[in-house]
$ cat target_15.cif   # mmCIF, C-alpha atoms
data_final
loop_
_atom_site.label_atom_id
_atom_site.label_comp_id
_atom_site.auth_asym_id
_atom_site.auth_seq_id
_atom_site.Cartn_x
_atom_site.Cartn_y
_atom_site.Cartn_z
CA MET A 1 108.15 -41.41 85.57
CA SER A 2 109.37 -37.98 84.46
CA ILE A 3 107.22 -34.94 85.28
CA TYR A 4 108.01 -33.54 81.84
CA CYS A 5 106.94 -36.79 80.17
CA GLY A 6 103.61 -36.51 81.99
CA LYS A 7 103.19 -32.90 80.87
CA LEU A 8 103.96 -33.85 77.27
CA CYS A 9 101.44 -36.72 77.30
CA SER A 10 98.83 -34.43 78.87
CA ALA A 11 99.38 -31.74 76.21
CA ILE A 12 99.10 -34.28 73.36
CA LEU A 13 95.86 -35.75 74.75
CA GLN A 14 94.38 -32.29 75.30
CA GLU A 15 95.27 -31.16 71.77
CA HIS A 16 93.90 -34.22 69.98
CA PHE A 17 91.05 -35.45 72.22
CA GLY A 18 89.99 -32.64 74.57
CA THR A 19 90.01 -31.99 78.30
CA ILE A 20 88.00 -35.04 79.47
CA VAL A 21 90.36 -37.54 77.83
CA GLN A 22 93.27 -35.44 79.10
CA SER A 23 92.01 -35.65 82.71
CA VAL A 24 91.63 -39.44 82.47
CA GLY A 25 95.13 -39.73 80.99
CA ASP A 26 96.58 -37.54 83.76
CA CYS A 27 94.89 -39.71 86.41
CA LEU A 28 96.29 -42.96 84.99
CA TYR A 29 99.75 -41.43 84.54
CA LYS A 30 99.93 -40.43 88.20
CA ASN A 31 98.22 -43.53 89.66
CA SER A 32 99.43 -46.41 87.46
CA SER A 33 96.96 -49.27 86.90
CA GLN A 34 93.46 -48.41 88.21
CA GLY A 35 89.77 -49.29 87.83
CA LEU A 36 86.95 -47.30 86.23
CA HIS A 37 85.40 -45.96 89.45
CA PHE A 38 88.77 -44.75 90.78
CA VAL A 39 89.47 -42.95 87.48
CA ALA A 40 86.06 -41.24 87.45
CA ALA A 41 86.35 -40.14 91.10
CA THR A 42 89.95 -38.93 90.83
CA ALA A 43 89.42 -37.11 87.52
CA GLY A 44 86.22 -35.54 88.87
CA ILE A 45 84.05 -36.53 85.89
CA PRO A 46 80.82 -38.59 85.55
CA LEU A 47 81.23 -42.36 85.26
CA ILE A 48 79.82 -42.43 81.72
CA LYS A 49 82.32 -39.76 80.59
CA ALA A 50 85.21 -41.69 82.14
CA LYS A 51 84.04 -44.83 80.36
CA GLU A 52 83.87 -43.00 77.01
CA ALA A 53 87.32 -41.47 77.52
CA LEU A 54 88.80 -44.89 78.34
CA CYS A 55 87.19 -46.35 75.21
CA VAL A 56 88.90 -43.65 73.13
CA LEU A 57 92.29 -44.26 74.76
CA ILE A 58 91.96 -48.04 74.32
CA LYS A 59 90.96 -47.70 70.67
CA TYR A 60 94.11 -45.70 69.87
CA GLY A 61 96.34 -48.05 71.87
CA PHE A 62 97.17 -45.46 74.54
CA VAL A 63 95.72 -47.56 77.38
CA PHE A 64 96.15 -51.29 78.04
CA HIS A 65 93.19 -52.99 79.76
CA GLU A 66 93.19 -56.36 81.48
CA MET A 67 90.69 -58.32 83.59
CA THR A 68 92.15 -59.15 87.02
CA ASP A 69 90.85 -60.59 90.30
CA LYS A 70 90.00 -57.03 91.35
CA GLY A 71 88.10 -56.34 88.14
CA MET A 72 89.10 -54.50 84.96
CA ARG A 73 92.32 -52.52 85.30
CA TYR A 74 93.51 -49.76 82.97
CA THR A 75 97.17 -48.80 82.44
CA LEU A 76 98.41 -45.77 80.49
CA LEU A 77 101.15 -46.32 77.87
CA PRO A 78 103.06 -42.99 77.66
CA ASP A 79 105.37 -44.19 74.86
CA LYS A 80 102.35 -44.81 72.62
CA ILE A 81 101.04 -41.30 73.28
CA ILE A 82 104.39 -39.68 72.52
CA MET A 83 104.46 -41.71 69.28
CA VAL A 84 101.75 -39.33 67.96
CA LEU A 85 104.51 -36.76 67.39
CA ARG A 86 106.05 -39.12 64.82
CA TYR A 87 102.89 -39.84 62.83
CA SER A 88 103.71 -37.22 60.18
CA ARG A 89 107.14 -38.78 59.65
CA PHE A 90 105.60 -42.24 59.31
CA MET A 91 103.15 -40.92 56.71
CA LEU A 92 105.92 -39.24 54.72
CA TYR A 93 107.93 -42.47 54.72
CA ILE A 94 104.96 -44.49 53.45
CA LYS A 95 104.26 -41.83 50.82
CA ASN A 96 107.82 -42.20 49.50
CA CYS A 97 107.49 -46.00 49.48
CA CYS A 98 103.91 -46.50 48.33
CA GLY A 99 102.62 -43.23 46.90
CA ASP A 100 99.78 -40.90 47.93
CA GLU A 101 97.22 -43.72 48.16
CA GLY A 102 99.35 -45.64 50.66
CA GLU A 103 99.81 -42.49 52.72
CA MET A 104 96.05 -41.86 52.81
CA ILE A 105 95.35 -45.46 53.86
CA LEU A 106 97.86 -45.17 56.71
CA GLU A 107 96.44 -41.80 57.73
CA GLU A 108 92.92 -43.23 57.87
CA ILE A 109 93.99 -46.07 60.17
CA LEU A 110 95.96 -43.67 62.37
CA LYS A 111 92.82 -41.52 62.68
CA GLN A 112 90.64 -44.50 63.59
CA GLY A 113 93.08 -46.40 65.80
CA PHE A 114 92.07 -49.64 64.09
CA ASP A 115 89.55 -50.47 61.38
CA SER A 116 88.60 -53.11 58.81
CA ALA A 117 90.22 -53.14 55.37
CA SER A 118 86.88 -52.61 53.60
CA HIS A 119 86.00 -49.50 55.64
CA VAL A 120 89.46 -48.00 55.15
CA ILE A 121 89.43 -48.64 51.39
CA VAL A 122 85.93 -47.16 50.97
CA LYS A 123 86.75 -44.03 53.02
CA THR A 124 90.02 -43.53 51.14
CA TYR A 125 88.28 -43.97 47.76
CA LEU A 126 85.60 -41.41 48.62
CA LYS A 127 88.26 -38.90 49.69
CA LEU A 128 90.20 -39.42 46.45
CA VAL A 129 87.05 -39.05 44.34
CA GLN A 130 86.25 -35.80 46.12
CA LYS A 131 89.80 -34.59 45.55
CA LEU A 132 90.62 -35.93 42.06
CA GLY A 133 87.23 -36.66 40.48
CA ASP A 134 87.44 -39.06 37.51
CA ALA A 135 91.23 -39.25 37.91
CA ALA A 136 90.87 -41.09 41.24
CA PRO A 137 92.40 -44.60 41.35
CA SER A 138 90.10 -47.62 41.29
CA VAL A 139 89.00 -49.65 44.30
CA VAL A 140 91.14 -52.54 43.00
CA SER A 141 94.18 -50.28 43.02
CA LEU A 142 93.49 -49.21 46.61
CA ARG A 143 93.02 -52.84 47.62
CA ASP A 144 96.45 -53.62 46.09
CA LYS A 145 97.99 -50.73 48.05
CA PHE A 146 96.43 -52.02 51.26
CA ASP A 147 97.73 -55.50 50.45
CA TRP A 148 101.23 -54.05 49.88
CA LEU A 149 101.18 -52.42 53.32
CA VAL A 150 100.14 -55.73 54.89
CA ARG A 151 102.71 -57.81 52.97
CA ASN A 152 105.48 -55.42 54.03
CA LYS A 153 104.19 -55.65 57.63
CA PHE A 154 103.35 -51.96 58.01
CA LEU A 155 99.81 -53.06 58.97
CA MET A 156 98.92 -55.96 61.24
CA ARG A 157 95.76 -57.56 62.57
CA SER A 158 94.42 -56.17 65.84
CA ASN A 159 93.90 -58.76 68.60
CA CYS A 160 92.25 -56.44 71.13
CA THR A 161 89.32 -58.06 73.02
CA ASP A 162 86.87 -56.96 75.71
CA GLU A 163 88.93 -58.71 78.42
CA LEU A 164 92.46 -57.99 77.20
CA GLY A 165 94.17 -55.10 75.45
CA GLU A 166 96.42 -55.15 72.41
CA THR A 167 99.27 -57.66 72.79
CA GLN A 168 102.19 -58.75 70.62
CA PRO A 169 101.70 -62.44 69.76
CA GLU A 170 104.63 -64.67 68.85
CA ASN A 171 103.20 -65.39 65.38
CA VAL A 172 101.59 -62.23 64.00
CA ASP A 173 98.92 -62.84 61.35
CA PHE A 174 99.65 -60.78 58.21
CA SER A 175 97.23 -62.63 55.91
CA MET A 176 94.94 -60.41 53.88
CA PRO A 177 91.28 -61.58 53.53
CA ALA A 178 89.77 -61.91 50.07
CA LEU A 179 87.49 -58.86 49.82
CA ASN A 180 84.19 -58.90 47.93
CA PHE A 181 84.54 -56.07 45.39
CA LYS A 182 80.80 -56.04 44.63
CA ALA A 183 80.16 -55.41 48.34
CA LEU A 184 82.77 -52.64 48.33
CA LYS A 185 80.97 -50.98 45.41
CA ASN A 186 77.69 -51.15 47.34
CA MET A 187 79.38 -49.64 50.40
CA ILE A 188 80.68 -46.76 48.26
CA GLU A 189 77.13 -46.09 47.10
CA GLY A 190 75.99 -45.93 50.74
CA ALA A 191 74.36 -49.36 51.06
CA ASP A 192 75.04 -51.91 53.82
CA ALA A 193 77.12 -54.81 52.57
CA ASP A 194 79.41 -57.55 53.83
CA ALA A 195 82.86 -57.42 52.20
CA LYS A 196 83.83 -60.72 53.90
CA ASP A 197 86.13 -59.09 56.46
CA ASN A 198 83.79 -58.46 59.40
CA GLY A 199 85.63 -58.72 62.71
CA ILE A 200 89.08 -58.40 61.09
CA ASN A 201 90.53 -55.07 62.14
CA TRP A 202 93.94 -53.67 61.21
CA ARG A 203 96.28 -51.40 63.12
CA VAL A 204 99.62 -49.78 62.33
CA ASN A 205 102.73 -51.84 63.09
CA PHE A 206 104.82 -49.09 64.67
CA ASP A 207 107.76 -51.42 65.36
CA LYS A 208 108.20 -52.06 61.63
CA LEU A 209 107.98 -48.35 60.76
CA ILE A 210 110.51 -47.39 63.45
CA GLN A 211 112.82 -50.22 62.34
CA ASP A 212 112.70 -49.05 58.71
CA LEU A 213 113.36 -45.43 59.68
CA ARG A 214 116.25 -46.61 61.86
CA ASP A 215 117.74 -48.57 58.94
CA LYS A 216 117.22 -45.58 56.64
CA MET A 217 119.15 -43.42 59.11
CA PHE A 218 122.09 -45.86 59.08
CA VAL A 219 122.12 -46.02 55.27
CA GLU A 220 122.10 -42.22 55.01
CA ALA A 221 124.90 -41.96 57.60
CA VAL A 222 127.14 -44.35 55.62
CA SER A 223 126.27 -42.55 52.36
CA ARG A 224 127.44 -39.26 53.88
CA ILE A 225 130.60 -40.78 55.38
CA VAL A 226 131.70 -42.69 52.23
CA ASP A 227 129.41 -42.53 49.18
CA GLU A 228 126.12 -43.81 47.74
CA ASP A 229 127.53 -47.26 46.89
CA ALA A 230 128.64 -47.72 50.50
CA GLY A 231 125.15 -46.72 51.61
CA GLU A 232 123.68 -49.41 49.35
CA LEU A 233 126.11 -51.94 50.85
CA MET A 234 124.95 -50.97 54.35
CA LYS A 235 121.32 -51.41 53.24
CA GLN A 236 122.04 -54.94 52.07
CA MET A 237 123.90 -55.71 55.31
CA LEU A 238 120.84 -54.64 57.30
CA LEU A 239 118.58 -56.82 55.13
CA LEU A 240 120.88 -59.79 55.76
CA MET A 241 120.83 -58.94 59.47
CA HIS A 242 117.01 -59.08 59.59
CA GLU A 243 117.08 -62.55 58.02
CA ARG A 244 119.09 -64.04 60.91
CA THR A 245 118.66 -61.71 63.91
CA ALA A 246 115.81 -60.26 66.00
CA SER A 247 114.91 -56.75 64.85
CA TRP A 248 115.98 -54.95 68.03
CA ALA A 249 119.02 -57.04 69.05
CA ASP A 250 122.08 -55.02 70.17
CA THR A 251 124.27 -56.70 67.55
CA SER A 252 123.50 -58.94 64.61
CA ASN A 253 124.47 -62.56 64.32
CA PRO A 254 127.59 -63.09 62.14
CA ILE A 255 127.02 -62.39 58.44
CA PRO A 256 129.39 -64.39 56.17
CA TYR A 257 131.33 -62.50 53.49
CA ILE A 258 130.04 -64.98 50.88
CA ASP A 259 126.43 -63.99 51.60
CA ILE A 260 127.31 -60.30 51.35
CA ARG A 261 129.08 -60.87 48.04
CA GLU A 262 126.16 -62.83 46.59
CA ARG A 263 123.66 -60.18 47.66
CA VAL A 264 125.75 -57.34 46.16
CA LYS A 265 126.25 -59.30 42.93
CA LYS A 266 122.47 -59.28 42.34
CA LEU A 267 122.31 -55.47 42.57
CA ASP A 268 124.04 -54.86 39.24
CA ILE A 269 126.26 -52.09 40.64
CA PRO A 270 129.66 -52.86 39.03
CA GLY A 271 131.65 -50.34 41.08
CA LEU A 272 130.38 -51.69 44.41
CA PHE A 273 130.92 -55.33 43.45
CA GLN A 274 134.42 -54.64 42.08
CA HIS A 275 135.57 -52.76 45.22
CA LEU A 276 133.48 -54.67 47.78
CA ASP A 277 136.45 -55.50 50.04
CA GLN A 278 137.56 -51.87 50.18
CA TYR A 279 134.03 -50.65 50.99
CA ILE A 280 133.67 -53.17 53.81
CA ARG A 281 137.07 -52.15 55.19
CA LEU A 282 136.13 -48.44 55.08
CA ILE A 283 132.91 -48.99 57.01
CA GLU A 284 134.61 -51.39 59.44
CA GLN A 285 137.47 -48.98 60.23
CA ASP A 286 135.22 -45.93 60.69
CA SER A 287 135.20 -44.58 64.24
CA ARG A 288 131.40 -44.93 64.47
CA GLN A 289 131.81 -48.73 64.52
CA LEU A 290 128.71 -49.53 62.46
CA LEU A 291 130.34 -52.76 61.27
CA LYS A 292 132.61 -55.13 63.15
CA ARG A 293 134.61 -58.15 61.98
CA VAL A 294 133.83 -61.13 64.25
CA GLY A 295 135.54 -63.98 62.37
CA ASP A 296 137.91 -64.80 59.52
CA SER A 297 136.49 -68.06 58.15
CA GLY A 298 135.12 -68.05 54.60
CA GLY A 299 136.59 -64.66 53.74
CA GLY A 300 135.41 -63.10 56.99
CA GLN A 301 132.29 -62.73 59.08
CA PHE A 302 130.79 -59.38 60.05
CA SER A 303 128.33 -58.10 62.61
CA VAL A 304 126.22 -54.93 62.48
CA ASN A 305 126.61 -53.20 65.85
CA ILE A 306 123.25 -51.45 66.30
CA LYS A 307 123.75 -50.41 69.93
CA GLU A 308 127.19 -48.88 69.41
CA ALA A 309 126.06 -47.17 66.21
CA PHE A 310 123.17 -45.52 68.05
CA ALA A 311 125.54 -44.38 70.81
CA GLN A 312 127.92 -42.84 68.26
CA LEU A 313 125.10 -41.12 66.38
CA ALA A 314 123.77 -39.71 69.67
CA TRP A 315 127.24 -38.34 70.57
CA ALA A 316 127.56 -36.81 67.10
CA THR A 317 124.18 -35.11 67.58
CA LEU A 318 125.23 -33.73 70.98
CA GLU A 319 128.50 -32.42 69.52
CA ASN A 320 126.58 -30.64 66.77
CA ILE A 321 124.27 -29.04 69.34
CA VAL A 322 127.26 -27.80 71.37
CA MET A 323 128.92 -26.52 68.19
CA GLU A 324 125.81 -24.58 67.08
CA ARG A 325 125.11 -23.06 70.50
CA PHE A 326 128.60 -22.32 71.85
CA GLY A 327 131.04 -22.48 68.93
CA SER A 328 133.92 -24.65 67.76
CA MET A 329 136.15 -24.18 70.83
CA ALA A 330 133.35 -25.32 73.15
CA ALA A 331 132.81 -28.36 70.90
CA ARG A 332 136.54 -29.10 71.16
CA ILE A 333 136.32 -29.05 74.98
CA PHE A 334 133.19 -31.22 74.89
CA ARG A 335 134.92 -33.86 72.72
CA LEU A 336 138.00 -33.78 74.93
CA VAL A 337 136.01 -34.36 78.15
CA LYS A 338 134.03 -37.12 76.40
CA THR A 339 137.26 -38.87 75.41
CA LYS A 340 139.05 -38.47 78.77
CA GLN A 341 135.90 -38.76 80.95
CA TYR A 342 137.69 -37.06 83.87
CA ILE A 343 140.05 -34.14 83.26
CA GLU A 344 141.30 -31.03 85.11
CA VAL A 345 140.73 -27.51 83.73
CA GLU A 346 144.48 -26.98 83.38
CA GLN A 347 144.73 -30.10 81.19
CA ILE A 348 141.87 -28.83 79.03
CA GLN A 349 143.79 -25.62 78.37
CA GLN A 350 146.87 -27.58 77.28
CA LEU A 351 145.26 -30.37 75.27
CA ALA A 352 142.56 -28.25 73.58
CA MET A 353 145.09 -25.47 72.94
CA ILE A 354 142.72 -22.76 74.16
CA PRO A 355 143.76 -19.68 76.21
CA ALA A 356 143.34 -20.21 79.96
CA LYS A 357 140.71 -17.51 80.50
CA GLU A 358 138.56 -18.66 77.57
CA ALA A 359 138.92 -22.33 78.50
CA LYS A 360 137.68 -21.65 82.05
CA HIS A 361 134.78 -19.55 80.76
CA LEU A 362 133.63 -22.16 78.20
CA THR A 363 134.04 -25.00 80.69
CA PHE A 364 131.90 -23.10 83.18
CA ILE A 365 129.19 -22.52 80.54
CA LEU A 366 129.21 -26.19 79.49
#
$ encode --input "target_15.cif" --output "structure tokens"
Amino acid sequence: MSIYCGKLCSAILQEHFGTIVQSVGDCLYKNSSQGLHFVAATAGIPLIKAKEALCVLIKYGFVFHEMTDKGMRYTLLPDKIIMVLRYSRFMLYIKNCCGDEGEMILEEILKQGFDSASHVIVKTYLKLVQKLGDAAPSVVSLRDKFDWLVRNKFLMRSNCTDELGETQPENVDFSMPALNFKALKNMIEGADADAKDNGINWRVNFDKLIQDLRDKMFVEAVSRIVDEDAGELMKQMLLLMHERTASWADTSNPIPYIDIRERVKKLDIPGLFQHLDQYIRLIEQDSRQLLKRVGDSGGGQFSVNIKEAFAQLAWATLENIVMERFGSMAARIFRLVKTKQYIEVEQIQQLAMIPAKEAKHLTFIL
């Protein structure tokens, strides 16, 4: 793996969990899957400290553990650690969707790694009372917010056990247990109580959050390219895609024009429904290739090209970076080389219409 990736993971662990957890993370990053005694010896820390550090990393989903013939083995998950840098963006997204209470619920679970619904609701309620006093929302309201996060699959049940780490089952359980509100009230007052959800822990469904932010990025891109109505059309296309295609497939299965028309008709946006064909044609003919026609039956069938769209957005980002750092002529050379792939300096001067001396200088810098 990349040296810089290891340094980034190490810095994140040190900032959030301290040097002992950092040393254990560094050991697992460099040595792949290992046992407890190897980790303690290599990190140069007592066995009990290594065990505590591994418990922390497992709780937050940064380490996957599995019982093997050679005993328990621990494997670091660098992508999960780097995900910490995106937590603030996830919280902002949930705040926009579900309000301050939803954001605080998500924040509490992110802080704990995983926790039961009753504990999260009680902790969130106490924080809101401390902050807002009598204006704080009720426990019932917080329970409804938690239920909304579960129904929209932003939270999912944790299936971590003593023998096996967190896995992604084929059929994820998103059912919310019926909480005992009397028990929740007792818990708020500091008493021990059973809210009927013991053993049911919840964790953040990062795949769903990333998918929603990805879709939001596509909608905003189309809105900037065309207009707000086109952005709404792209949003509906993505919703139709999720109904018939795996979330992270390169391209969607064909979406019939009839289904698109019916979905848009329900939106009550007269301008979009009236000019639907023209909007589809504009998005389809755009150079970014977000939408592709794959058939003509039934008025046409369309596919959302996720992979190509990401590639185009990445190129656009790179071009903007070159433009900001080196100017418009350098960006012109960058686009030309991207298009031609292989090109001589003399051809760059002619095709980019840049003086020879400046073209050679900018090419050398790039």
$ residues_around --input "target_15.cif" --residues "Ser23 in chain A" --least-positions-apart "2" --cutoff "10 Å" --atoms "only C-alpha atoms" --output "number ranges by chain"
A: 10, 13-14, 18-21, 25-29, 39-40, 42-45, 50, 53
$ atom_distance --input "target_15.cif" --atom1 "CA of Lys145 in chain A" --atom2 "CA of Ile121 in chain A"
9.4 Å
$ atom_distance --input "target_15.cif" --atom1 "CA of Val304 in chain A" --atom2 "CA of Lys292 in chain A"
6.4 Å
$ atom_distance --input "target_15.cif" --atom1 "CA of Leu36 in chain A" --atom2 "CA of Lys49 in chain A"
10.5 Å
$ closest_residue --input "target_15.cif" --among "A:Glu243, A:Asp115, A:Glu15, A:Glu101" --to "Ile81 in chain A" --atoms "all atoms listed in the file"
A:Glu15
$ closest_residue --input "target_15.cif" --among "A:Gln349, A:Ser158, A:Ser116, A:Asn186" --to "Asn198 in chain A" --atoms "only C-alpha atoms"
A:Ser116
$ closest_residue --input "target_15.cif" --among "A:Leu155, A:Ala136, A:Ile188, A:Ile48" --to "Asp207 in chain A" --atoms "all atoms listed in the file"
A:Leu155
$ closest_residue --input "target_15.cif" --among "A:Gln347, A:Asn159, A:Ser287, A:Gln211" --to "Ala246 in chain A" --atoms "only C-alpha atoms"
A:Gln211
$ residues_around --input "target_15.cif" --residues "Thr75 in chain A" --least-positions-apart "6" --cutoff "7 Å" --atoms "all atoms listed in the file" --output "PyMOL selection string"
chain A and resi 28+32-34+63-65
$ decode --input "target_15.cif" --residues "range 217-227 of chain A" --atoms "all heavy atoms" --output "PDB file, in the first residue's frame"
ATOM      1  N   MET A 217     -24.069  15.032  -6.161  1.00  0.00           N
ATOM      2  CA  MET A 217     -23.048  15.643  -7.007  1.00  0.00           C
ATOM      3  C   MET A 217     -23.477  15.625  -8.471  1.00  0.00           C
ATOM      4  O   MET A 217     -23.312  16.610  -9.196  1.00  0.00           O
ATOM      5  CB  MET A 217     -21.723  14.897  -6.832  1.00  0.00           C
ATOM      6  CG  MET A 217     -20.570  15.447  -7.637  1.00  0.00           C
ATOM      7  SD  MET A 217     -19.006  14.641  -7.215  1.00  0.00           S
ATOM      8  CE  MET A 217     -19.352  12.962  -7.734  1.00  0.00           C
ATOM      9  N   PHE A 218     -24.068  14.498  -8.917  1.00  0.00           N
ATOM     10  CA  PHE A 218     -24.542  14.412 -10.298  1.00  0.00           C
ATOM     11  C   PHE A 218     -25.678  15.396 -10.570  1.00  0.00           C
ATOM     12  O   PHE A 218     -25.719  16.048 -11.613  1.00  0.00           O
ATOM     13  CB  PHE A 218     -25.020  12.987 -10.604  1.00  0.00           C
ATOM     14  CG  PHE A 218     -23.907  11.999 -10.770  1.00  0.00           C
ATOM     15  CD1 PHE A 218     -24.056  10.695 -10.351  1.00  0.00           C
ATOM     16  CD2 PHE A 218     -22.708  12.367 -11.353  1.00  0.00           C
ATOM     17  CE1 PHE A 218     -23.031   9.774 -10.496  1.00  0.00           C
ATOM     18  CE2 PHE A 218     -21.681  11.468 -11.507  1.00  0.00           C
ATOM     19  CZ  PHE A 218     -21.836  10.163 -11.078  1.00  0.00           C
ATOM     20  N   VAL A 219     -26.611  15.478  -9.612  1.00  0.00           N
ATOM     21  CA  VAL A 219     -27.746  16.393  -9.773  1.00  0.00           C
ATOM     22  C   VAL A 219     -27.263  17.834  -9.865  1.00  0.00           C
ATOM     23  O   VAL A 219     -27.721  18.610 -10.716  1.00  0.00           O
ATOM     24  CB  VAL A 219     -28.748  16.216  -8.601  1.00  0.00           C
ATOM     25  CG1 VAL A 219     -29.818  17.306  -8.649  1.00  0.00           C
ATOM     26  CG2 VAL A 219     -29.396  14.835  -8.654  1.00  0.00           C
ATOM     27  N   GLU A 220     -26.318  18.209  -8.999  1.00  0.00           N
ATOM     28  CA  GLU A 220     -25.780  19.575  -9.023  1.00  0.00           C
ATOM     29  C   GLU A 220     -25.022  19.850 -10.316  1.00  0.00           C
ATOM     30  O   GLU A 220     -25.085  20.965 -10.853  1.00  0.00           O
ATOM     31  CB  GLU A 220     -24.858  19.776  -7.821  1.00  0.00           C
ATOM     32  CG  GLU A 220     -25.606  19.847  -6.499  1.00  0.00           C
ATOM     33  CD  GLU A 220     -24.669  19.906  -5.302  1.00  0.00           C
ATOM     34  OE1 GLU A 220     -23.442  19.719  -5.495  1.00  0.00           O
ATOM     35  OE2 GLU A 220     -25.156  20.149  -4.178  1.00  0.00           O
ATOM     36  N   ALA A 221     -24.313  18.831 -10.838  1.00  0.00           N
ATOM     37  CA  ALA A 221     -23.572  19.009 -12.093  1.00  0.00           C
ATOM     38  C   ALA A 221     -24.533  19.288 -13.248  1.00  0.00           C
ATOM     39  O   ALA A 221     -24.317  20.211 -14.046  1.00  0.00           O
ATOM     40  CB  ALA A 221     -22.741  17.762 -12.390  1.00  0.00           C
ATOM     41  N   VAL A 222     -25.628  18.523 -13.321  1.00  0.00           N
ATOM     42  CA  VAL A 222     -26.612  18.729 -14.397  1.00  0.00           C
ATOM     43  C   VAL A 222     -27.318  20.070 -14.225  1.00  0.00           C
ATOM     44  O   VAL A 222     -27.596  20.768 -15.212  1.00  0.00           O
ATOM     45  CB  VAL A 222     -27.633  17.568 -14.419  1.00  0.00           C
ATOM     46  CG1 VAL A 222     -28.758  17.857 -15.407  1.00  0.00           C
ATOM     47  CG2 VAL A 222     -26.941  16.257 -14.794  1.00  0.00           C
ATOM     48  N   SER A 223     -27.587  20.464 -12.975  1.00  0.00           N
ATOM     49  CA  SER A 223     -28.227  21.762 -12.728  1.00  0.00           C
ATOM     50  C   SER A 223     -27.351  22.909 -13.215  1.00  0.00           C
ATOM     51  O   SER A 223     -27.854  23.901 -13.761  1.00  0.00           O
ATOM     52  CB  SER A 223     -28.521  21.923 -11.231  1.00  0.00           C
ATOM     53  OG  SER A 223     -29.434  20.945 -10.791  1.00  0.00           O
ATOM     54  N   ARG A 224     -26.035  22.780 -13.024  1.00  0.00           N
ATOM     55  CA  ARG A 224     -25.120  23.830 -13.495  1.00  0.00           C
ATOM     56  C   ARG A 224     -25.011  23.823 -15.021  1.00  0.00           C
ATOM     57  O   ARG A 224     -24.954  24.885 -15.643  1.00  0.00           O
ATOM     58  CB  ARG A 224     -23.725  23.627 -12.886  1.00  0.00           C
ATOM     59  CG  ARG A 224     -23.629  24.002 -11.420  1.00  0.00           C
ATOM     60  CD  ARG A 224     -22.171  24.128 -10.990  1.00  0.00           C
ATOM     61  NE  ARG A 224     -21.444  22.876 -11.198  1.00  0.00           N
ATOM     62  CZ  ARG A 224     -21.313  21.921 -10.273  1.00  0.00           C
ATOM     63  NH1 ARG A 224     -21.891  22.071  -9.095  1.00  0.00           N
ATOM     64  NH2 ARG A 224     -20.619  20.830 -10.524  1.00  0.00           N
ATOM     65  N   ILE A 225     -24.994  22.641 -15.618  1.00  0.00           N
ATOM     66  CA  ILE A 225     -24.831  22.532 -17.072  1.00  0.00           C
ATOM     67  C   ILE A 225     -26.075  23.040 -17.801  1.00  0.00           C
ATOM     68  O   ILE A 225     -25.980  23.776 -18.793  1.00  0.00           O
ATOM     69  CB  ILE A 225     -24.549  21.072 -17.476  1.00  0.00           C
ATOM     70  CG1 ILE A 225     -23.203  20.616 -16.912  1.00  0.00           C
ATOM     71  CG2 ILE A 225     -24.533  20.925 -19.002  1.00  0.00           C
ATOM     72  CD1 ILE A 225     -23.004  19.118 -16.952  1.00  0.00           C
ATOM     73  N   VAL A 226     -27.268  22.653 -17.313  1.00  0.00           N
ATOM     74  CA  VAL A 226     -28.528  23.005 -18.004  1.00  0.00           C
ATOM     75  C   VAL A 226     -29.317  23.975 -17.121  1.00  0.00           C
ATOM     76  O   VAL A 226     -29.191  25.183 -17.248  1.00  0.00           O
ATOM     77  CB  VAL A 226     -29.358  21.740 -18.340  1.00  0.00           C
ATOM     78  CG1 VAL A 226     -30.564  22.117 -19.214  1.00  0.00           C
ATOM     79  CG2 VAL A 226     -28.493  20.690 -19.046  1.00  0.00           C
ATOM     80  N   ASP A 227     -30.146  23.447 -16.237  1.00  0.00           N
ATOM     81  CA  ASP A 227     -30.890  24.282 -15.285  1.00  0.00           C
ATOM     82  C   ASP A 227     -31.456  23.401 -14.177  1.00  0.00           C
ATOM     83  O   ASP A 227     -31.200  22.192 -14.142  1.00  0.00           O
ATOM     84  CB  ASP A 227     -32.004  25.079 -15.990  1.00  0.00           C
ATOM     85  CG  ASP A 227     -33.050  24.188 -16.653  1.00  0.00           C
ATOM     86  OD1 ASP A 227     -33.084  22.975 -16.343  1.00  0.00           O
ATOM     87  OD2 ASP A 227     -33.834  24.690 -17.481  1.00  0.00           O
TER      88      ASP A 227
END
